[in-house]
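A.B. asks: start.pdb (PDB, C-alpha atoms, pLDDT in the B column) pasted underneath:
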ATOM      1  CA  MET A   1     -28.025 -31.233  24.528  1.00 51.00           C
ATOM      2  CA  ARG A   2     -25.689 -33.376  22.415  1.00 53.00           C
ATOM      3  CA  ALA A   3     -27.425 -32.222  19.228  1.00 50.00           C
ATOM      4  CA  PHE A   4     -27.011 -28.624  20.382  1.00 42.00           C
ATOM      5  CA  LEU A   5     -23.295 -29.141  21.053  1.00 41.00           C
ATOM      6  CA  ARG A   6     -22.816 -30.854  17.691  1.00 49.00           C
ATOM      7  CA  SER A   7     -24.565 -28.024  15.846  1.00 48.00           C
ATOM      8  CA  ASN A   8     -22.452 -25.428  17.663  1.00 50.00           C
ATOM      9  CA  SER A   9     -19.259 -27.357  16.925  1.00 49.00           C
ATOM     10  CA  LEU A  10     -20.200 -27.523  13.254  1.00 43.00           C
ATOM     11  CA  PHE A  11     -20.906 -23.784  13.244  1.00 42.00           C
ATOM     12  CA  LEU A  12     -17.475 -23.069  14.766  1.00 39.00           C
ATOM     13  CA  VAL A  13     -15.742 -25.261  12.183  1.00 38.00           C
ATOM     14  CA  ILE A  14     -17.536 -23.456   9.332  1.00 37.00           C
ATOM     15  CA  LEU A  15     -16.727 -20.059  10.860  1.00 37.00           C
ATOM     16  CA  LEU A  16     -13.053 -20.987  11.271  1.00 39.00           C
ATOM     17  CA  ALA A  17     -12.835 -22.279   7.704  1.00 39.00           C
ATOM     18  CA  ALA A  18     -14.418 -19.095   6.383  1.00 41.00           C
ATOM     19  CA  SER A  19     -12.005 -16.909   8.339  1.00 47.00           C
ATOM     20  CA  CYS A  20      -9.023 -18.824   6.940  1.00 52.00           C
ATOM     21  CA  ALA A  21     -10.192 -18.699   3.312  1.00 60.00           C
ATOM     22  CA  SER A  22      -8.340 -16.461   0.899  1.00 75.00           C
ATOM     23  CA  PRO A  23     -10.167 -13.178   0.153  1.00 76.00           C
ATOM     24  CA  TYR A  24      -9.168 -13.715  -3.495  1.00 86.00           C
ATOM     25  CA  LYS A  25     -10.481 -17.248  -3.951  1.00 82.00           C
ATOM     26  CA  LYS A  26     -13.399 -16.104  -6.146  1.00 84.00           C
ATOM     27  CA  LEU A  27     -11.219 -14.242  -8.640  1.00 89.00           C
ATOM     28  CA  VAL A  28     -11.246 -15.532 -12.208  1.00 88.00           C
ATOM     29  CA  PRO A  29      -7.979 -15.736 -14.204  1.00 87.00           C
ATOM     30  CA  ASP A  30      -7.997 -13.276 -17.087  1.00 83.00           C
ATOM     31  CA  LYS A  31      -6.340 -15.090 -19.976  1.00 72.00           C
ATOM     32  CA  ASN A  32      -6.595 -12.037 -22.228  1.00 65.00           C
ATOM     33  CA  LEU A  33      -4.477  -9.633 -20.194  1.00 62.00           C
ATOM     34  CA  GLY A  34      -5.502  -6.206 -21.378  1.00 64.00           C
ATOM     35  CA  LYS A  35      -2.875  -3.828 -20.023  1.00 80.00           C
ATOM     36  CA  SER A  36      -0.190  -4.223 -17.413  1.00 90.00           C
ATOM     37  CA  ALA A  37      -0.757  -2.453 -14.100  1.00 94.00           C
ATOM     38  CA  LEU A  38       2.648  -0.848 -14.618  1.00 94.00           C
ATOM     39  CA  ILE A  39       0.966   1.791 -16.774  1.00 95.00           C
ATOM     40  CA  TYR A  40      -0.136   3.239 -13.408  1.00 95.00           C
ATOM     41  CA  LYS A  41       3.425   3.655 -12.135  1.00 95.00           C
ATOM     42  CA  PRO A  42       3.632   7.289 -10.975  1.00 94.00           C
ATOM     43  CA  GLN A  43       5.733   9.745 -12.945  1.00 92.00           C
ATOM     44  CA  TYR A  44       6.513  13.031 -11.160  1.00 91.00           C
ATOM     45  CA  ASP A  45       9.192  15.585 -10.358  1.00 92.00           C
ATOM     46  CA  LYS A  46       7.963  16.496  -6.900  1.00 94.00           C
ATOM     47  CA  VAL A  47       4.740  15.971  -4.973  1.00 95.00           C
ATOM     48  CA  LEU A  48       3.759  17.282  -1.550  1.00 96.00           C
ATOM     49  CA  TYR A  49       1.156  15.712   0.753  1.00 97.00           C
ATOM     50  CA  ARG A  50      -0.265  16.629   4.106  1.00 97.00           C
ATOM     51  CA  CYS A  51       0.298  13.431   6.101  1.00 96.00           C
ATOM     52  CA  THR A  52      -1.481  12.154   9.216  1.00 94.00           C
ATOM     53  CA  VAL A  53      -0.490   8.973  11.044  1.00 91.00           C
ATOM     54  CA  ASN A  54      -2.746   7.460  13.716  1.00 90.00           C
ATOM     55  CA  GLY A  55      -2.318   4.204  15.578  1.00 81.00           C
ATOM     56  CA  ARG A  56      -2.282   2.285  18.780  1.00 74.00           C
ATOM     57  CA  ILE A  57       0.443   0.300  20.564  1.00 63.00           C
ATOM     58  CA  VAL A  58      -1.162  -1.922  23.199  1.00 54.00           C
ATOM     59  CA  PHE A  59      -3.351   0.628  25.059  1.00 56.00           C
ATOM     60  CA  LYS A  60      -1.441   3.726  23.996  1.00 70.00           C
ATOM     61  CA  LYS A  61      -2.530   5.832  21.036  1.00 79.00           C
ATOM     62  CA  PHE A  62      -0.058   7.796  18.930  1.00 77.00           C
ATOM     63  CA  HIS A  63      -0.425  10.560  16.362  1.00 84.00           C
ATOM     64  CA  LEU A  64       1.954  12.261  13.927  1.00 87.00           C
ATOM     65  CA  SER A  65       1.162  14.942  11.373  1.00 93.00           C
ATOM     66  CA  GLY A  66       3.232  16.896   8.918  1.00 95.00           C
ATOM     67  CA  LEU A  67       4.270  17.063   5.278  1.00 96.00           C
ATOM     68  CA  LEU A  68       5.392  14.112   3.154  1.00 97.00           C
ATOM     69  CA  PHE A  69       7.485  15.139   0.181  1.00 95.00           C
ATOM     70  CA  PHE A  70       8.304  12.888  -2.809  1.00 97.00           C
ATOM     71  CA  LYS A  71      11.027  14.119  -5.145  1.00 95.00           C
ATOM     72  CA  GLN A  72      12.736  12.695  -8.216  1.00 93.00           C
ATOM     73  CA  MET A  73      16.376  13.789  -8.103  1.00 92.00           C
ATOM     74  CA  GLU A  74      18.503  14.652 -11.141  1.00 89.00           C
ATOM     75  CA  ASN A  75      20.643  11.515 -10.682  1.00 89.00           C
ATOM     76  CA  GLY A  76      17.550   9.291 -10.885  1.00 88.00           C
ATOM     77  CA  THR A  77      17.163   8.617  -7.175  1.00 94.00           C
ATOM     78  CA  VAL A  78      13.849   9.169  -5.385  1.00 96.00           C
ATOM     79  CA  ARG A  79      13.468  10.714  -1.936  1.00 97.00           C
ATOM     80  CA  ALA A  80      10.548  10.492   0.483  1.00 97.00           C
ATOM     81  CA  ILE A  81      10.881  13.017   3.315  1.00 97.00           C
ATOM     82  CA  PHE A  82       8.413  13.346   6.190  1.00 96.00           C
ATOM     83  CA  GLN A  83       8.693  16.570   8.209  1.00 96.00           C
ATOM     84  CA  ASN A  84       6.551  18.521  10.620  1.00 92.00           C
ATOM     85  CA  GLU A  85       5.374  22.025   9.723  1.00 87.00           C
ATOM     86  CA  MET A  86       8.469  23.530  11.368  1.00 90.00           C
ATOM     87  CA  GLY A  87      10.838  21.549   9.144  1.00 89.00           C
ATOM     88  CA  PHE A  88      11.856  18.889  11.692  1.00 93.00           C
ATOM     89  CA  THR A  89      12.503  15.628   9.810  1.00 95.00           C
ATOM     90  CA  PHE A  90      10.840  12.435  11.028  1.00 94.00           C
ATOM     91  CA  PHE A  91      12.396  10.332   8.275  1.00 96.00           C
ATOM     92  CA  ASP A  92      14.231  10.687   4.969  1.00 97.00           C
ATOM     93  CA  PHE A  93      14.180   7.613   2.689  1.00 97.00           C
ATOM     94  CA  GLU A  94      15.982   7.171  -0.616  1.00 97.00           C
ATOM     95  CA  TRP A  95      15.692   4.751  -3.547  1.00 97.00           C
ATOM     96  CA  SER A  96      18.425   4.468  -6.156  1.00 95.00           C
ATOM     97  CA  LYS A  97      17.767   4.135  -9.906  1.00 91.00           C
ATOM     98  CA  ASP A  98      17.648   0.343  -9.487  1.00 90.00           C
ATOM     99  CA  ASP A  99      15.203   0.685  -6.535  1.00 92.00           C
ATOM    100  CA  SER A 100      17.710  -0.240  -3.812  1.00 93.00           C
ATOM    101  CA  PHE A 101      16.691   1.396  -0.530  1.00 96.00           C
ATOM    102  CA  MET A 102      18.485   3.322   2.189  1.00 96.00           C
ATOM    103  CA  VAL A 103      17.524   5.349   5.260  1.00 97.00           C
ATOM    104  CA  ARG A 104      19.252   8.725   5.135  1.00 97.00           C
ATOM    105  CA  GLN A 105      17.739   9.996   8.388  1.00 96.00           C
ATOM    106  CA  ILE A 106      15.170   8.866  10.947  1.00 95.00           C
ATOM    107  CA  ILE A 107      14.229   9.822  14.495  1.00 93.00           C
ATOM    108  CA  PRO A 108      14.941   7.236  17.230  1.00 92.00           C
ATOM    109  CA  GLU A 109      11.229   6.749  17.977  1.00 86.00           C
ATOM    110  CA  LEU A 110      10.673   5.478  14.414  1.00 88.00           C
ATOM    111  CA  ASP A 111      13.992   3.709  14.012  1.00 92.00           C
ATOM    112  CA  LYS A 112      12.611   0.222  14.628  1.00 90.00           C
ATOM    113  CA  PRO A 113      13.390  -2.517  12.046  1.00 92.00           C
ATOM    114  CA  ALA A 114       9.781  -3.695  11.791  1.00 89.00           C
ATOM    115  CA  LEU A 115       8.421  -0.152  11.423  1.00 89.00           C
ATOM    116  CA  VAL A 116      11.030   0.870   8.827  1.00 93.00           C
ATOM    117  CA  LYS A 117      10.229  -2.306   6.884  1.00 93.00           C
ATOM    118  CA  THR A 118       6.515  -1.488   6.970  1.00 92.00           C
ATOM    119  CA  LEU A 119       7.006   2.140   5.887  1.00 94.00           C
ATOM    120  CA  ARG A 120       9.329   1.029   3.102  1.00 95.00           C
ATOM    121  CA  LYS A 121       6.702  -1.442   1.889  1.00 95.00           C
ATOM    122  CA  ASP A 122       4.055   1.314   1.962  1.00 96.00           C
ATOM    123  CA  MET A 123       6.164   3.565  -0.245  1.00 96.00           C
ATOM    124  CA  ASN A 124       7.154   0.684  -2.541  1.00 97.00           C
ATOM    125  CA  LEU A 125       3.512  -0.242  -3.110  1.00 97.00           C
ATOM    126  CA  LEU A 126       2.424   3.337  -3.770  1.00 97.00           C
ATOM    127  CA  LEU A 127       5.377   4.184  -6.043  1.00 97.00           C
ATOM    128  CA  MET A 128       5.312   0.685  -7.633  1.00 96.00           C
ATOM    129  CA  LYS A 129       8.959  -0.013  -6.874  1.00 95.00           C
ATOM    130  CA  GLY A 130      10.624  -3.419  -6.901  1.00 92.00           C
ATOM    131  CA  LEU A 131       7.834  -5.145  -8.847  1.00 94.00           C
ATOM    132  CA  ASP A 132       8.781  -8.155 -10.960  1.00 93.00           C
ATOM    133  CA  ARG A 133       6.946  -7.672 -14.244  1.00 92.00           C
ATOM    134  CA  SER A 134       7.439 -11.310 -15.203  1.00 93.00           C
ATOM    135  CA  SER A 135       5.405 -12.370 -12.152  1.00 95.00           C
ATOM    136  CA  GLU A 136       2.346 -10.293 -13.092  1.00 95.00           C
ATOM    137  CA  LYS A 137      -0.903 -12.228 -13.388  1.00 93.00           C
ATOM    138  CA  SER A 138      -4.319 -10.804 -14.169  1.00 93.00           C
ATOM    139  CA  PHE A 139      -7.686 -11.690 -12.649  1.00 93.00           C
ATOM    140  CA  THR A 140     -11.214 -10.293 -12.666  1.00 90.00           C
ATOM    141  CA  ASP A 141     -13.925 -10.398 -10.048  1.00 86.00           C
ATOM    142  CA  SER A 142     -17.005 -12.574 -10.531  1.00 77.00           C
ATOM    143  CA  ARG A 143     -18.855  -9.683 -12.210  1.00 78.00           C
ATOM    144  CA  GLY A 144     -15.984  -9.002 -14.582  1.00 74.00           C
ATOM    145  CA  LYS A 145     -15.886  -5.335 -13.592  1.00 84.00           C
ATOM    146  CA  ARG A 146     -12.698  -5.085 -11.531  1.00 90.00           C
ATOM    147  CA  GLN A 147      -9.266  -6.139 -12.747  1.00 92.00           C
ATOM    148  CA  TYR A 148      -6.733  -7.465 -10.246  1.00 94.00           C
ATOM    149  CA  SER A 149      -3.098  -7.374 -11.341  1.00 95.00           C
ATOM    150  CA  ARG A 150      -1.037  -9.516  -8.986  1.00 96.00           C
ATOM    151  CA  PHE A 151       2.724  -9.295  -8.512  1.00 97.00           C
ATOM    152  CA  THR A 152       4.733 -11.778  -6.463  1.00 96.00           C
ATOM    153  CA  LEU A 153       6.772 -10.175  -3.664  1.00 95.00           C
ATOM    154  CA  SER A 154       9.498 -11.706  -1.501  1.00 91.00           C
ATOM    155  CA  ARG A 155       6.657 -12.441   0.922  1.00 90.00           C
ATOM    156  CA  GLY A 156       3.074 -12.498  -0.265  1.00 93.00           C
ATOM    157  CA  TYR A 157       1.598 -10.563  -3.156  1.00 96.00           C
ATOM    158  CA  ALA A 158       0.781  -7.039  -4.284  1.00 97.00           C
ATOM    159  CA  TYR A 159      -2.597  -6.545  -5.956  1.00 97.00           C
ATOM    160  CA  TYR A 160      -3.326  -3.464  -8.070  1.00 97.00           C
ATOM    161  CA  ILE A 161      -7.086  -3.172  -8.458  1.00 96.00           C
ATOM    162  CA  SER A 162      -8.653  -1.114 -11.216  1.00 94.00           C
ATOM    163  CA  GLU A 163     -12.163  -0.520 -12.482  1.00 91.00           C
ATOM    164  CA  ALA A 164     -13.226   1.208 -15.692  1.00 88.00           C
ATOM    165  CA  GLY A 165      -9.561   1.818 -16.493  1.00 88.00           C
ATOM    166  CA  LYS A 166      -8.768   3.617 -13.226  1.00 93.00           C
ATOM    167  CA  LEU A 167      -6.518   2.351 -10.444  1.00 95.00           C
ATOM    168  CA  GLU A 168      -8.575   2.502  -7.240  1.00 96.00           C
ATOM    169  CA  GLN A 169      -6.887   0.285  -4.660  1.00 97.00           C
ATOM    170  CA  ILE A 170      -3.648  -1.505  -3.791  1.00 98.00           C
ATOM    171  CA  GLU A 171      -3.535  -4.505  -1.482  1.00 97.00           C
ATOM    172  CA  ASN A 172      -0.712  -6.464   0.088  1.00 96.00           C
ATOM    173  CA  ALA A 173      -1.723  -9.960   1.133  1.00 93.00           C
ATOM    174  CA  GLY A 174      -0.391 -13.343   2.134  1.00 87.00           C
ATOM    175  CA  GLU A 175      -1.936 -16.624   1.113  1.00 80.00           C
ATOM    176  CA  LYS A 176      -4.987 -16.138   3.329  1.00 79.00           C
ATOM    177  CA  LYS A 177      -5.168 -12.616   4.725  1.00 88.00           C
ATOM    178  CA  LYS A 178      -4.827  -8.999   3.640  1.00 91.00           C
ATOM    179  CA  VAL A 179      -2.009  -7.141   5.365  1.00 93.00           C
ATOM    180  CA  ILE A 180      -2.262  -3.629   3.916  1.00 95.00           C
ATOM    181  CA  THR A 181      -5.063  -1.912   2.021  1.00 96.00           C
ATOM    182  CA  ILE A 182      -4.321   1.328   0.181  1.00 97.00           C
ATOM    183  CA  LYS A 183      -7.218   3.351  -1.221  1.00 97.00           C
ATOM    184  CA  LEU A 184      -6.484   5.865  -3.973  1.00 97.00           C
ATOM    185  CA  MET A 185      -8.649   8.845  -4.899  1.00 95.00           C
ATOM    186  CA  GLY A 186      -8.312  11.538  -7.529  1.00 91.00           C
ATOM    187  CA  LYS A 187      -5.799   9.828  -9.808  1.00 86.00           C
ATOM    188  CA  GLY A 188      -6.393  12.019 -12.860  1.00 82.00           C
ATOM    189  CA  LYS A 189      -4.054  10.335 -15.340  1.00 90.00           C
ATOM    190  CA  ASP A 190      -2.843   6.743 -15.363  1.00 92.00           C
ATOM    191  CA  ASP A 191       0.696   7.740 -14.312  1.00 93.00           C
ATOM    192  CA  ALA A 192      -0.261  10.591 -11.944  1.00 93.00           C
ATOM    193  CA  MET A 193       0.147  10.560  -8.188  1.00 95.00           C
ATOM    194  CA  PRO A 194      -3.324  10.383  -6.552  1.00 95.00           C
ATOM    195  CA  ASP A 195      -4.876  13.370  -4.798  1.00 96.00           C
ATOM    196  CA  SER A 196      -5.575  11.320  -1.663  1.00 97.00           C
ATOM    197  CA  VAL A 197      -4.194   8.058  -0.283  1.00 97.00           C
ATOM    198  CA  PHE A 198      -5.324   6.057   2.738  1.00 97.00           C
ATOM    199  CA  PHE A 199      -3.156   3.237   4.133  1.00 97.00           C
ATOM    200  CA  ASP A 200      -4.849   0.756   6.474  1.00 95.00           C
ATOM    201  CA  HIS A 201      -2.423  -1.612   8.230  1.00 93.00           C
ATOM    202  CA  ARG A 202      -4.557  -4.511   9.381  1.00 84.00           C
ATOM    203  CA  ARG A 203      -1.902  -6.189  11.534  1.00 80.00           C
ATOM    204  CA  ALA A 204       0.238  -3.251  12.638  1.00 78.00           C
ATOM    205  CA  ASN A 205      -2.880  -1.356  13.778  1.00 82.00           C
ATOM    206  CA  PHE A 206      -2.176   2.081  12.332  1.00 88.00           C
ATOM    207  CA  THR A 207      -3.316   4.232   9.421  1.00 93.00           C
ATOM    208  CA  ILE A 208      -1.706   6.853   7.205  1.00 95.00           C
ATOM    209  CA  ALA A 209      -3.745   9.477   5.360  1.00 97.00           C
ATOM    210  CA  LEU A 210      -2.248  11.614   2.583  1.00 97.00           C
ATOM    211  CA  HIS A 211      -3.872  14.658   0.957  1.00 97.00           C
ATOM    212  CA  LYS A 212      -2.066  16.364  -1.887  1.00 96.00           C
ATOM    213  CA  ILE A 213      -1.128  20.023  -1.554  1.00 95.00           C
ATOM    214  CA  GLU A 214      -1.496  21.500  -5.025  1.00 80.00           C
ATOM    215  CA  SER A 215       0.592  24.627  -4.623  1.00 60.00           C
ATOM    216  CA  HIS A 216       4.077  24.482  -6.138  1.00 51.00           C
ATOM    217  CA  VAL A 217       6.766  23.899  -3.524  1.00 48.00           C
ATOM    218  CA  ASP A 218      10.521  23.783  -3.636  1.00 49.00           C
ATOM    219  CA  GLU A 219      12.682  21.607  -1.456  1.00 45.00           C
TER
END
As a first step, turn the structure in this file into C-alpha cells.
C.D. replies:
Amino acid sequence: MRAFLRSNSLFLVILLAASCASPYKKLVPDKNLGKSALIYKPQYDKVLYRCTVNGRIVFKKFHLSGLLFFKQMENGTVRAIFQNEMGFTFFDFEWSKDDSFMVRQIIPELDKPALVKTLRKDMNLLLMKGLDRSSEKSFTDSRGKRQYSRFTLSRGYAYYISEAGKLEQIENAGEKKKVITIKLMGKGKDDAMPDSVFFDHRRANFTIALHKIESHVDE
C-alpha cells in the first residue's frame, strides 16, 4: 500500500511539473535572425470580415455575429468597427498613428474593462500594433522548420510563428502558459490581411472566427 501511495505521489508531482512547464522550453535560439516578423505587418486600406463570437460565462453561452470592418483613415488612424447586418454597432475602436488606443463607441454589454482589454489585445496582435522591435528575439523548433519571433509585451510575450516563409500562427503567452492562440489562413502576401482568422482565448473561454468578404465595400 505504501509503495502504491508513493508511486501515485510521484506520478502527481511529475504531472504537476509537466503542466507548469513552459510550452516554449524546447525552442532553440536562432543566432542568425533571418527576417524580422514585422515584414508580416498588415498593409491595407479597408478589409471586411464576417465575424462570429462564441463563448461561455459560467453556465451561460453567448453568441454574436456580424461584420468586422478594418479601415485605414486618411489621417493615419486605424478603425475597427464591429456591426450586425443591420448596421447596429457593437464596438468602434480607434488607434492613432502612434498606436495609442481609444474606444469611440461600445454597447453596455461589452463595456467591461477586462473584455475591452482582451479585444484590444486581439486586434493589436493581429494588426501587429505596439510591438517593440528592439525586444524581438528569434527561435526555431527542434526540427528547425518553424521560426518563432518573440516580442516582449507589458505582460508576457507575443510569438509570431512562421513556416516556409509564411506566417501561420500568433500566440500570446506568459512565462508558463499560452493565453491566446490565433490561427491564420490564406495570407497570400507577407503584408496581406489573412483570409481567415481564428482566436482561441484559453482563459477567457471564448472564440472569435473571422472570414474575409472579398467584395469591395465602402464605409
A.B. asks: Excluding Ser100 in chain A and its own-chain neighbours fewer than 6 positions away, which residues fall within 12 Å of it when counting all atoms listed in the file? Please give them as an mmCIF file with C-alpha atoms, keeping the file's coordinate frame.
C.D. replies:
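Below you can see out.cif, which holds the result:
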data_model
loop_
_atom_site.group_PDB
_atom_site.id
_atom_site.type_symbol
_atom_site.label_atom_id
_atom_site.label_comp_id
_atom_site.auth_asym_id
_atom_site.auth_seq_id
_atom_site.Cartn_x
_atom_site.Cartn_y
_atom_site.Cartn_z
ATOM 1 C CA GLY A 76 17.550 9.291 -10.885
ATOM 2 C CA THR A 77 17.163 8.617 -7.175
ATOM 3 C CA VAL A 78 13.849 9.169 -5.385
ATOM 4 C CA ARG A 79 13.468 10.714 -1.936
ATOM 5 C CA PHE A 93 14.180 7.613 2.689
ATOM 6 C CA GLU A 94 15.982 7.171 -0.616
ATOM 7 C CA ARG A 120 9.329 1.029 3.102
ATOM 8 C CA ASN A 124 7.154 0.684 -2.541
ATOM 9 C CA LYS A 129 8.959 -0.013 -6.874
ATOM 10 C CA GLY A 130 10.624 -3.419 -6.901
#
A.B. asks: Evaluate the PyMOL selection byres ((chain A and resi 195) around 12) against this structure - the residues, as a ChimeraX atom specification, please.
C.D. replies: /A:47-50,168,183-189,192-194,196-198,209-214
A.B. asks: Between CA of Glu136 in chain A and CA of Ser36 in chain A, what is the distance in Å, rounded to a tenth?
C.D. replies: 7.9 Å
A.B. asks: What's the 8 Å shell around Asp45 in chain A, counting all atoms listed in the file, without same-chain residues fewer than 3 positions away, as a list in words?
C.D. replies: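 The contact residues come out as Lys71, Gln72 and Met73 of chain A.
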A.B. asks: Considering all atoms listed in the file, return as a ChimeraX atom specification whatever protein or nucleic-acid residues lie within 12 Å of Leu115 in chain A, sequence-local ones (same chain, fewer than 3 positions apart) excluded.
C.D. replies: /A:91,106-112,118-122,201,203-206
A.B. asks: Please dump the current selection as a tab-separated table (two decimals), in the frame of the given file; keep C-alpha atoms.
C.D. replies:
chain	number	residue	atom	x	y	z
A	91	PHE	CA	12.40	10.33	8.28
A	106	ILE	CA	15.17	8.87	10.95
A	107	ILE	CA	14.23	9.82	14.50
A	108	PRO	CA	14.94	7.24	17.23
A	109	GLU	CA	11.23	6.75	17.98
A	110	LEU	CA	10.67	5.48	14.41
A	111	ASP	CA	13.99	3.71	14.01
A	112	LYS	CA	12.61	0.22	14.63
A	118	THR	CA	6.52	-1.49	6.97
A	119	LEU	CA	7.01	2.14	5.89
A	120	ARG	CA	9.33	1.03	3.10
A	121	LYS	CA	6.70	-1.44	1.89
A	122	ASP	CA	4.06	1.31	1.96
A	201	HIS	CA	-2.42	-1.61	8.23
A	203	ARG	CA	-1.90	-6.19	11.53
A	204	ALA	CA	0.24	-3.25	12.64
A	205	ASN	CA	-2.88	-1.36	13.78
A	206	PHE	CA	-2.18	2.08	12.33
A.B. asks: Mind pulling up the distance from CA of Phe90 in chain A to CA of Ile208 in chain A?
C.D. replies: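 Going from CA of Ile208 in chain A over to CA of Phe90 in chain A, I get 14.3 Å.
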A.B. asks: Hey, can you check how far CA of Thr152 in chain A sits from CA of Glu171 in chain A?
C.D. replies: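 Answer for the CA of Thr152 in chain A to CA of Glu171 in chain A separation: 12.1 Å.
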A.B. asks: Go through A:Leu64, A:Val116, A:Leu131, A:Ala80 one by one, measure the shortest atom-to-atom distance of each to Ala37 in chain A using all atoms listed in the file, and give the residue with the smallest value.
C.D. replies: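 Of A:Leu64, A:Val116, A:Leu131, A:Ala80, the one nearest Ala37 in chain A, counting all atoms listed in the file, is A:Leu131.
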A.B. asks: Between A:Ser22, A:Ser96, A:Ser142, A:Thr89, which residue has the minimum interatomic distance to Glu74 in chain A, considering only C-alpha atoms?
C.D. replies: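 Of the candidates, the smallest distance to Glu74 in chain A is held by A:Ser96.
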A.B. asks: Taking all atoms listed in the file into account, which of A:Phe82, A:Phe88, A:Trp95, A:Tyr148 comes nearest Lys35 in chain A?
C.D. replies: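 Looking only at the distances to Lys35 in chain A, the closest residue turns out to be A:Tyr148.
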A.B. asks: What are the centre and the three edge lengths of an axis-aligned box that wraps all atoms of range 69-75 of chain A in the file, given that 4 Å is added to every side, written as lines of an AutoDock Vina configuration file and rounded to one decimal in Å?
C.D. replies:
center_x = 14.1
center_y = 13.3
center_z = -5.5
size_x = 21.2
size_y = 11.6
size_z = 19.3
A.B. asks: A:Ile39, A:Gly144, A:Lys178, A:Phe101: which is nearest Tyr159 in chain A, counting only C-alpha atoms?
C.D. replies: A:Lys178
A.B. asks: Might you pull out every residue within 12 Å of Pro29 in chain A, with only C-alpha atoms counted and same-chain residues fewer than 3 positions away left off, and present them as a short mmCIF file (atom, residue, chain, number, x, y, z; two decimals) with C-alpha atoms, in the frame of the given file?
C.D. replies:
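For reference, out_34.cif as written:
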data_model
loop_
_atom_site.label_atom_id
_atom_site.label_comp_id
_atom_site.auth_asym_id
_atom_site.auth_seq_id
_atom_site.Cartn_x
_atom_site.Cartn_y
_atom_site.Cartn_z
CA TYR A 24 -9.17 -13.72 -3.50
CA LYS A 25 -10.48 -17.25 -3.95
CA LYS A 26 -13.40 -16.10 -6.15
CA ASN A 32 -6.60 -12.04 -22.23
CA LEU A 33 -4.48 -9.63 -20.19
CA GLU A 136 2.35 -10.29 -13.09
CA LYS A 137 -0.90 -12.23 -13.39
CA SER A 138 -4.32 -10.80 -14.17
CA PHE A 139 -7.69 -11.69 -12.65
CA THR A 140 -11.21 -10.29 -12.67
CA ASP A 141 -13.92 -10.40 -10.05
CA SER A 142 -17.00 -12.57 -10.53
CA GLY A 144 -15.98 -9.00 -14.58
CA ARG A 146 -12.70 -5.08 -11.53
CA GLN A 147 -9.27 -6.14 -12.75
CA TYR A 148 -6.73 -7.46 -10.25
CA SER A 149 -3.10 -7.37 -11.34
CA ARG A 150 -1.04 -9.52 -8.99
#
A.B. asks: Go through A:Arg155, A:Lys176, A:Lys145, A:Arg202 one by one, measure the shortest atom-to-atom distance of each to Asp30 in chain A using only C-alpha atoms, and give the residue with the smallest value.
C.D. replies: A:Lys145
A.B. asks: Once the PyMOL selection byres ((chain A and resi 65) around 7) has been evaluated on this model, what residues remain selected, and can you format them as a list in words?
C.D. replies: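 Evaluating the PyMOL selection byres ((chain A and resi 65) around 7) on these coordinates yields Cys51, Thr52, Val53, His63, Leu64, Gly66 and Asn84 of chain A.
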A.B. asks: Please produce a file of those selected residues containing C-alpha atoms, as an mmCIF file, keeping the file's coordinate frame.
C.D. replies:
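The new file out28.cif reads:
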data_model
loop_
_atom_site.group_PDB
_atom_site.id
_atom_site.type_symbol
_atom_site.label_atom_id
_atom_site.label_comp_id
_atom_site.auth_asym_id
_atom_site.auth_seq_id
_atom_site.Cartn_x
_atom_site.Cartn_y
_atom_site.Cartn_z
ATOM 1 C CA CYS A 51 0.298 13.431 6.101
ATOM 2 C CA THR A 52 -1.481 12.154 9.216
ATOM 3 C CA VAL A 53 -0.490 8.973 11.044
ATOM 4 C CA HIS A 63 -0.425 10.560 16.362
ATOM 5 C CA LEU A 64 1.954 12.261 13.927
ATOM 6 C CA GLY A 66 3.232 16.896 8.918
ATOM 7 C CA ASN A 84 6.551 18.521 10.620
#
A.B. asks: For Met128 in chain A, which residue out of A:Leu38, A:Val28, A:Val103, A:Ala164 is the nearest one, using only C-alpha atoms?
C.D. replies: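 When distances to Met128 in chain A are compared using only C-alpha atoms, the smallest one comes from A:Leu38.
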